[in-house]
Amino acid sequence: MTRQKVAILYGGRSVEHGVSINSARNIFEYLDKNQFEPIPIGLDLNGKWYLTSVVDREISKGDPLQIDADPKQPGFRTKNQLIQPDVVFPVLHGTDGEDGSVQGLLTAFGLPFVGSGVLGSALAMNKIIAKQMLAAAGLPVTPFIAFGGSERHTIKFIDIVSKFGTPFMVKAASLGSSVGVSKVKSESEMNAALEEAFRYDTEVLIEQYIPGREIECAILGNNPVEASMPGEIIISPRYEFYSFDAKYVDPDAVKIQVPASLEAPVAEKIRDASIKAFQALRCQDFARVDLFYSEKGIFINEINTIPGFTNSSMYPMMWKERGIGFSDLITRLIRIAQQRTTEQGMLNRDFQSSLKY
Ligand SMILES: Nc1ncnc2c1ncn2[C@@H]1O[C@H](COP(=O)(O)OP(=O)(O)O)[C@@H](O)[C@H]1O
Ligand SMILES: [Mg+2]
């Protein structure tokens, strides 16, 4: 049996470059080599693409790649070889990778890929749009106000406090890994937080702080869409919130509990809301839905369309708890993506009309 070629895209221009490399290393390692041949393709911090022999932090030491845009046999070309993957697995987090841009590129060239398409990726990436869509679907989200760069001078501490009290959260609209996210208790902290958030993004949101537990739920599949049991991230009181360092740098910052200790009806509500959120944002194949559970109930915080696959990542842990190991999970993801691509290919693209051109 010939092995299917799986191009693993990693790195990228986003602030989550390093996280992506750690995730992609695991995908590379655990990909079932009996069925699949991994082709690691690194995107360096300048956005240049390279073929590398393994997933490597020194991406630009690889062979520079160009996209070969033959729609019959799309692929990637180095100086002396043409690589035509059967499927692409973008393991990119954040800007230019998880936001629909790479997905658009792959779609335009007819390369099948794992995960949400242009629409789902873009909707989920922007925290403002995502919350508006989730709220419109009747799902509970954290109360927030959105600001564009030109409205920055209109943001008054006392207005925010009268609406949300303190503390409150300030976030850049389209980042991840807690970059550009701050918890604010005073006017000077707010100014610093806005400075930081607007440094990364043209849109910022200010959100009510939810004093609750941080719950995550893993989603897999399209038809049916399946939800894992929820997991919980218990953050050390040394941290104000689940910050970048707590996520990736300090190994003692959090305790992960899978499944989360929740009463059965609450766990069911979380799973149901997570599936509905995935569908409301037109996500595909997989995603991780992050929620808060407080005295006031559940609130959906955000959806990550390419969740982390690092050693400390919840997404693979939540499926492991359901009996799906890392290798099996990757195989399933690829098969789900291939089936979806086949089904999408059956949609009619021709339209007979009398238009003259
Ligand atoms: N409304 C909120 N109430 C309480 N904590 C929050 C709220 N929003 C964010 N946080 C904290 O900040 C972290 C990062 O925020 P999040 O919106 O998930 O951004 P990112 O996409 O960078 O992960 C969350 O995991 C949580 O610890
Ligand atoms: Mg988050």
# chains A, B, ... in the order shown; residues from 1 in each chain; ligands from 1
$ residues_around --residues "stretch 245-252 of chain A" --least-positions-apart "6" --cutoff "9 Å" --atoms "only C-alpha atoms" --output "list in words"
Val19, Ser177, Ser178, Ile235, Ser236, Tyr239 and Ser312 of chain A
$ residues_near_ligand --ligand "ligand 1" --cutoff "8 Å" --atoms "only C-alpha atoms and all ligand atoms" --output "MDAnalysis selection string"
chainID A and resid 127 142:143 168:169 171 174:183 207:212 214 240:244 290 292 301:302 304
$ write_last_selection --atoms "N, CA and C atoms" --output "compact mmCIF listing (two decimals), in the first residue's frame"
# COMPACT_ATOMS: atom_id res chain seq x y z
N LYS A 127 -12.38 37.47 18.09
CA LYS A 127 -13.17 37.27 19.32
C LYS A 127 -14.45 38.09 19.33
N THR A 142 -19.45 35.78 27.35
CA THR A 142 -19.09 36.80 28.34
C THR A 142 -19.46 38.18 27.79
N PRO A 143 -20.12 39.02 28.61
CA PRO A 143 -20.48 40.36 28.14
C PRO A 143 -19.22 41.16 27.79
N PHE A 168 -11.68 43.77 35.10
CA PHE A 168 -12.23 43.40 33.78
C PHE A 168 -11.07 43.01 32.88
N MET A 169 -11.40 42.43 31.75
CA MET A 169 -10.35 41.94 30.84
C MET A 169 -10.23 42.84 29.62
N LYS A 171 -8.54 42.72 25.75
CA LYS A 171 -7.96 41.74 24.82
C LYS A 171 -7.83 42.30 23.42
N SER A 174 -7.83 39.46 17.81
CA SER A 174 -7.50 38.30 16.97
C SER A 174 -6.19 37.60 17.31
N LEU A 175 -5.85 37.52 18.58
CA LEU A 175 -4.61 36.80 18.91
C LEU A 175 -4.95 35.54 19.68
N GLY A 176 -3.91 34.86 20.15
CA GLY A 176 -4.11 33.66 20.94
C GLY A 176 -2.99 33.53 21.95
N SER A 177 -3.01 32.43 22.70
CA SER A 177 -1.97 32.14 23.71
C SER A 177 -1.85 33.24 24.75
N SER A 178 -2.91 34.00 24.97
CA SER A 178 -2.98 35.07 25.98
C SER A 178 -2.09 36.26 25.66
N VAL A 179 -1.55 36.32 24.45
CA VAL A 179 -0.77 37.49 24.06
C VAL A 179 -1.75 38.64 23.84
N GLY A 180 -1.45 39.80 24.39
CA GLY A 180 -2.34 40.95 24.25
C GLY A 180 -3.55 40.89 25.16
N VAL A 181 -3.55 39.97 26.14
CA VAL A 181 -4.67 39.84 27.10
C VAL A 181 -4.20 40.34 28.47
N SER A 182 -5.01 41.20 29.12
CA SER A 182 -4.66 41.70 30.46
C SER A 182 -5.88 41.70 31.36
N LYS A 183 -5.60 41.51 32.65
CA LYS A 183 -6.66 41.65 33.66
C LYS A 183 -6.42 43.00 34.33
N GLU A 207 -13.93 43.06 28.39
CA GLU A 207 -14.88 42.03 28.77
C GLU A 207 -15.10 41.98 30.27
N GLN A 208 -16.30 41.67 30.65
CA GLN A 208 -16.57 41.43 32.06
C GLN A 208 -15.73 40.25 32.54
N TYR A 209 -15.17 40.38 33.74
CA TYR A 209 -14.39 39.28 34.30
C TYR A 209 -15.35 38.25 34.89
N ILE A 210 -15.17 37.00 34.52
CA ILE A 210 -16.02 35.93 35.05
C ILE A 210 -15.22 35.15 36.08
N PRO A 211 -15.56 35.29 37.35
CA PRO A 211 -14.82 34.52 38.35
C PRO A 211 -15.33 33.08 38.35
N GLY A 212 -14.70 32.26 37.53
CA GLY A 212 -15.21 30.90 37.42
C GLY A 212 -14.12 29.91 37.11
N GLU A 214 -12.15 27.30 34.60
CA GLU A 214 -11.84 27.28 33.16
C GLU A 214 -12.00 25.86 32.64
N GLU A 240 -2.71 35.54 37.92
CA GLU A 240 -3.97 36.29 37.89
C GLU A 240 -4.96 35.65 36.92
N PHE A 241 -4.43 35.04 35.87
CA PHE A 241 -5.27 34.35 34.89
C PHE A 241 -4.37 33.41 34.09
N TYR A 242 -4.92 32.75 33.09
CA TYR A 242 -4.18 31.76 32.32
C TYR A 242 -3.32 32.48 31.27
N SER A 243 -2.21 32.99 31.73
CA SER A 243 -1.34 33.83 30.90
C SER A 243 -0.41 32.97 30.03
N PHE A 244 0.34 33.63 29.17
CA PHE A 244 1.28 32.91 28.29
C PHE A 244 2.23 32.04 29.11
N ASP A 290 -13.50 26.69 24.57
CA ASP A 290 -13.09 27.09 25.92
C ASP A 290 -14.23 27.84 26.59
N PHE A 292 -16.11 29.25 30.57
CA PHE A 292 -16.02 29.50 32.01
C PHE A 292 -17.28 28.91 32.64
N ASN A 301 -16.08 31.18 26.09
CA ASN A 301 -15.05 32.21 25.97
C ASN A 301 -14.56 32.29 24.54
N GLU A 302 -14.12 31.18 23.97
CA GLU A 302 -13.61 31.24 22.61
C GLU A 302 -13.52 29.84 22.02
N ASN A 304 -10.99 27.57 19.49
CA ASN A 304 -9.70 27.48 18.81
C ASN A 304 -9.84 26.45 17.70
$ select_by_dssp --residues "stretch 45-292 of chain A" --states "alpha helix (DSSP H)" --output "JSON, numbers by chain"
{"A": [101, 102, 103, 104, 105, 106, 107, 108, 118, 119, 120, 121, 122, 123, 124, 125, 127, 128, 129, 130, 131, 132, 133, 134, 135, 136, 157, 158, 159, 160, 161, 162, 163, 164, 187, 188, 189, 190, 191, 192, 193, 194, 195, 196, 197, 198, 199, 200, 244, 264, 265, 266, 267, 268, 269, 270, 271, 272, 273, 274, 275, 276, 277, 278, 279, 280]}
$ closest_residue --among "A:Pro112, A:Pro90, A:Gly148, A:Gly323" --to "A:Thr202" --atoms "only C-alpha atoms"
A:Gly148
$ closest_residue --among "A:Lys320, A:Arg340, A:Arg335, A:Arg288" --to "ligand 2" --atoms "only C-alpha atoms and all ligand atoms"
A:Arg288
$ residues_around --residues "stretch 52-56 of chain A" --least-positions-apart "2" --cutoff "7 Å" --atoms "only C-alpha atoms" --output "number ranges by chain"
A: 21, 24-25, 40-42, 50, 58-59, 62-63
$ write_last_selection --atoms "C-alpha atoms" --output "CSV table (one decimal), in the first residue's frame"
chain,number,residue,atom,x,y,z
A,21,ILE,CA,6.6,24.1,16.4
A,24,ALA,CA,3.8,20.0,15.0
A,25,ARG,CA,6.7,18.0,16.5
A,40,PRO,CA,7.2,18.9,7.2
A,41,ILE,CA,6.8,22.3,5.7
A,42,GLY,CA,8.0,25.2,7.9
A,50,TYR,CA,10.7,25.7,3.5
A,58,GLU,CA,15.6,26.4,12.4
A,59,ILE,CA,13.1,26.5,9.6
A,62,GLY,CA,15.4,23.9,4.9
A,63,ASP,CA,14.8,23.9,1.2
$ closest_residue --among "A:Ile303, A:Ala172, A:Val161, A:Ala287" --to "ligand 2" --atoms "only C-alpha atoms and all ligand atoms"
A:Ile303
$ select_by_dssp --residues "stretch 89-252 of chain A" --states "strand (DSSP E)" --output "NGL selection string"
:A and (89-90 or 144-148 or 168-172 or 181-184 or 203-208 or 213-220 or 226-227 or 231-235)
$ residues_around --residues "A:Ile39" --least-positions-apart "5" --cutoff "12 Å" --atoms "only C-alpha atoms" --output "PyMOL selection string"
chain A and resi 3-10+24-25+27-29+31+33+50-55+75-76+83-90
$ residues_around --residues "A:Ile233" --least-positions-apart "3" --cutoff "8 Å" --atoms "only C-alpha atoms" --output "ChimeraX atom specification"
/A:213-216,254-257
$ write_last_selection --atoms "N, CA and C atoms" --output "short mmCIF file (atom, residue, chain, number, x, y, z; two decimals), in the first residue's frame"
data_model
loop_
_atom_site.label_atom_id
_atom_site.label_comp_id
_atom_site.auth_asym_id
_atom_site.auth_seq_id
_atom_site.Cartn_x
_atom_site.Cartn_y
_atom_site.Cartn_z
N ARG A 213 -14.54 28.69 36.88
CA ARG A 213 -13.58 27.64 36.53
C ARG A 213 -13.36 27.66 35.02
N GLU A 214 -12.15 27.30 34.60
CA GLU A 214 -11.84 27.28 33.16
C GLU A 214 -12.00 25.86 32.64
N ILE A 215 -12.98 25.72 31.76
CA ILE A 215 -13.36 24.41 31.24
C ILE A 215 -13.12 24.38 29.73
N GLU A 216 -12.69 23.25 29.23
CA GLU A 216 -12.49 23.13 27.78
C GLU A 216 -13.17 21.86 27.30
N VAL A 254 -0.23 25.14 36.23
CA VAL A 254 -1.59 24.64 36.16
C VAL A 254 -1.66 23.15 36.45
N LYS A 255 -2.84 22.77 36.89
CA LYS A 255 -3.14 21.35 37.04
C LYS A 255 -4.27 21.07 36.06
N ILE A 256 -4.08 20.02 35.29
CA ILE A 256 -5.11 19.71 34.31
C ILE A 256 -5.92 18.52 34.80
N GLN A 257 -7.21 18.67 34.74
CA GLN A 257 -8.06 17.57 35.20
C GLN A 257 -9.00 17.13 34.09
#
$ atom_distance --atom1 "atom CA of A:Ala122" --atom2 "atom CA of A:Thr331"
25.1 Å
$ atom_distance --atom1 "atom CA of A:Ala69" --atom2 "atom CA of A:Phe113"
15.7 Å
$ closest_residue --among "A:Leu111, A:Gly104, A:Ala260, A:Ala173" --to "ligand 2" --atoms "only C-alpha atoms and all ligand atoms"
A:Ala173
$ atom_distance --atom1 "atom CA of A:Asp285" --atom2 "atom CA of A:Pro230"
18.0 Å
$ residues_around --residues "A:Val258" --least-positions-apart "6" --cutoff "9 Å" --atoms "only C-alpha atoms" --output "MDAnalysis selection string"
chainID A and resid 229:233 314 317:318 321
$ write_last_selection --atoms "N, CA and C atoms" --output "PDB file, in the first residue's frame"
ATOM      1  N   MET A 229     -15.575  14.555  26.907  1.00  0.00           N
ATOM      2  CA  MET A 229     -15.971  15.030  28.231  1.00  0.00           C
ATOM      3  C   MET A 229     -15.190  16.317  28.483  1.00  0.00           C
ATOM      4  N   PRO A 230     -15.781  17.292  29.189  1.00  0.00           N
ATOM      5  CA  PRO A 230     -15.044  18.522  29.455  1.00  0.00           C
ATOM      6  C   PRO A 230     -13.832  18.259  30.351  1.00  0.00           C
ATOM      7  N   GLY A 231     -12.796  19.059  30.141  1.00  0.00           N
ATOM      8  CA  GLY A 231     -11.622  19.025  31.007  1.00  0.00           C
ATOM      9  C   GLY A 231     -11.514  20.364  31.722  1.00  0.00           C
ATOM     10  N   GLU A 232     -10.713  20.387  32.779  1.00  0.00           N
ATOM     11  CA  GLU A 232     -10.572  21.650  33.526  1.00  0.00           C
ATOM     12  C   GLU A 232      -9.108  22.042  33.662  1.00  0.00           C
ATOM     13  N   ILE A 233      -8.872  23.333  33.603  1.00  0.00           N
ATOM     14  CA  ILE A 233      -7.534  23.852  33.847  1.00  0.00           C
ATOM     15  C   ILE A 233      -7.577  24.583  35.174  1.00  0.00           C
ATOM     16  N   MET A 314      -4.560  20.300  26.028  1.00  0.00           N
ATOM     17  CA  MET A 314      -5.794  19.656  26.464  1.00  0.00           C
ATOM     18  C   MET A 314      -6.470  18.832  25.375  1.00  0.00           C
ATOM     19  N   MET A 317      -5.426  15.357  25.154  1.00  0.00           N
ATOM     20  CA  MET A 317      -5.693  14.713  26.455  1.00  0.00           C
ATOM     21  C   MET A 317      -7.168  14.356  26.607  1.00  0.00           C
ATOM     22  N   MET A 318      -8.033  15.254  26.139  1.00  0.00           N
ATOM     23  CA  MET A 318      -9.470  15.003  26.289  1.00  0.00           C
ATOM     24  C   MET A 318      -9.914  13.818  25.436  1.00  0.00           C
ATOM     25  N   GLU A 321      -8.779  10.496  27.063  1.00  0.00           N
ATOM     26  CA  GLU A 321      -9.706  10.081  28.117  1.00  0.00           C
ATOM     27  C   GLU A 321     -10.881   9.293  27.526  1.00  0.00           C
TER      28      GLU A 321
END
$ closest_residue --among "A:Ile324, A:Ser294, A:Ile128, A:Val114" --to "A:Phe147" --atoms "only C-alpha atoms"
A:Ile128
$ residues_around --residues "A:Phe157" --least-positions-apart "6" --cutoff "12 Å" --atoms "only C-alpha atoms" --output "list in words"
Lys163, Phe164, Gly165, Thr166, Pro167, Phe168, Val170, Val184, Lys185, Ser186, Glu187, Ser188, Glu189, Met190, Asn191, Ala193, Leu194 and Ile206 of chain A
$ closest_residue --among "A:Met125, A:Met133, A:Leu205, A:Leu262" --to "ligand 2" --atoms "only C-alpha atoms and all ligand atoms"
A:Met125
$ decode --residues "stretch 175-194 of chain A" --atoms "N, CA and C atoms" --output "PDB file, in the first residue's frame"
ATOM      1  N   LEU A 175      -5.848  37.520  18.576  1.00  0.00           N
ATOM      2  CA  LEU A 175      -4.610  36.803  18.909  1.00  0.00           C
ATOM      3  C   LEU A 175      -4.945  35.539  19.684  1.00  0.00           C
ATOM      4  N   GLY A 176      -3.909  34.863  20.148  1.00  0.00           N
ATOM      5  CA  GLY A 176      -4.110  33.661  20.943  1.00  0.00           C
ATOM      6  C   GLY A 176      -2.986  33.527  21.948  1.00  0.00           C
ATOM      7  N   SER A 177      -3.012  32.431  22.702  1.00  0.00           N
ATOM      8  CA  SER A 177      -1.973  32.142  23.707  1.00  0.00           C
ATOM      9  C   SER A 177      -1.848  33.243  24.755  1.00  0.00           C
ATOM     10  N   SER A 178      -2.912  33.996  24.968  1.00  0.00           N
ATOM     11  CA  SER A 178      -2.985  35.067  25.976  1.00  0.00           C
ATOM     12  C   SER A 178      -2.092  36.259  25.660  1.00  0.00           C
ATOM     13  N   VAL A 179      -1.549  36.316  24.455  1.00  0.00           N
ATOM     14  CA  VAL A 179      -0.766  37.492  24.064  1.00  0.00           C
ATOM     15  C   VAL A 179      -1.755  38.641  23.843  1.00  0.00           C
ATOM     16  N   GLY A 180      -1.449  39.804  24.393  1.00  0.00           N
ATOM     17  CA  GLY A 180      -2.341  40.955  24.255  1.00  0.00           C
ATOM     18  C   GLY A 180      -3.554  40.892  25.160  1.00  0.00           C
ATOM     19  N   VAL A 181      -3.548  39.970  26.144  1.00  0.00           N
ATOM     20  CA  VAL A 181      -4.668  39.842  27.098  1.00  0.00           C
ATOM     21  C   VAL A 181      -4.205  40.343  28.469  1.00  0.00           C
ATOM     22  N   SER A 182      -5.011  41.201  29.119  1.00  0.00           N
ATOM     23  CA  SER A 182      -4.664  41.696  30.458  1.00  0.00           C
ATOM     24  C   SER A 182      -5.880  41.696  31.361  1.00  0.00           C
ATOM     25  N   LYS A 183      -5.601  41.507  32.652  1.00  0.00           N
ATOM     26  CA  LYS A 183      -6.655  41.648  33.659  1.00  0.00           C
ATOM     27  C   LYS A 183      -6.417  43.001  34.327  1.00  0.00           C
ATOM     28  N   VAL A 184      -7.462  43.805  34.407  1.00  0.00           N
ATOM     29  CA  VAL A 184      -7.301  45.211  34.777  1.00  0.00           C
ATOM     30  C   VAL A 184      -8.076  45.545  36.046  1.00  0.00           C
ATOM     31  N   LYS A 185      -7.396  46.277  36.956  1.00  0.00           N
ATOM     32  CA  LYS A 185      -8.086  46.695  38.188  1.00  0.00           C
ATOM     33  C   LYS A 185      -8.089  48.201  38.393  1.00  0.00           C
ATOM     34  N   SER A 186      -7.242  48.911  37.631  1.00  0.00           N
ATOM     35  CA  SER A 186      -7.147  50.361  37.850  1.00  0.00           C
ATOM     36  C   SER A 186      -7.033  51.079  36.506  1.00  0.00           C
ATOM     37  N   GLU A 187      -7.160  52.386  36.556  1.00  0.00           N
ATOM     38  CA  GLU A 187      -7.105  53.175  35.329  1.00  0.00           C
ATOM     39  C   GLU A 187      -5.730  53.048  34.671  1.00  0.00           C
ATOM     40  N   SER A 188      -4.679  53.080  35.492  1.00  0.00           N
ATOM     41  CA  SER A 188      -3.337  52.996  34.890  1.00  0.00           C
ATOM     42  C   SER A 188      -3.118  51.606  34.278  1.00  0.00           C
ATOM     43  N   GLU A 189      -3.663  50.580  34.931  1.00  0.00           N
ATOM     44  CA  GLU A 189      -3.552  49.233  34.341  1.00  0.00           C
ATOM     45  C   GLU A 189      -4.345  49.164  33.035  1.00  0.00           C
ATOM     46  N   MET A 190      -5.484  49.860  33.003  1.00  0.00           N
ATOM     47  CA  MET A 190      -6.282  49.852  31.775  1.00  0.00           C
ATOM     48  C   MET A 190      -5.507  50.500  30.632  1.00  0.00           C
ATOM     49  N   ASN A 191      -4.865  51.622  30.931  1.00  0.00           N
ATOM     50  CA  ASN A 191      -4.121  52.309  29.876  1.00  0.00           C
ATOM     51  C   ASN A 191      -2.983  51.438  29.349  1.00  0.00           C
ATOM     52  N   ALA A 192      -2.304  50.782  30.275  1.00  0.00           N
ATOM     53  CA  ALA A 192      -1.201  49.899  29.852  1.00  0.00           C
ATOM     54  C   ALA A 192      -1.745  48.724  29.040  1.00  0.00           C
ATOM     55  N   ALA A 193      -2.896  48.202  29.479  1.00  0.00           N
ATOM     56  CA  ALA A 193      -3.497  47.049  28.788  1.00  0.00           C
ATOM     57  C   ALA A 193      -3.943  47.427  27.374  1.00  0.00           C
ATOM     58  N   LEU A 194      -4.512  48.635  27.241  1.00  0.00           N
ATOM     59  CA  LEU A 194      -4.953  49.085  25.915  1.00  0.00           C
ATOM     60  C   LEU A 194      -3.749  49.307  24.999  1.00  0.00           C
TER      61      LEU A 194
END
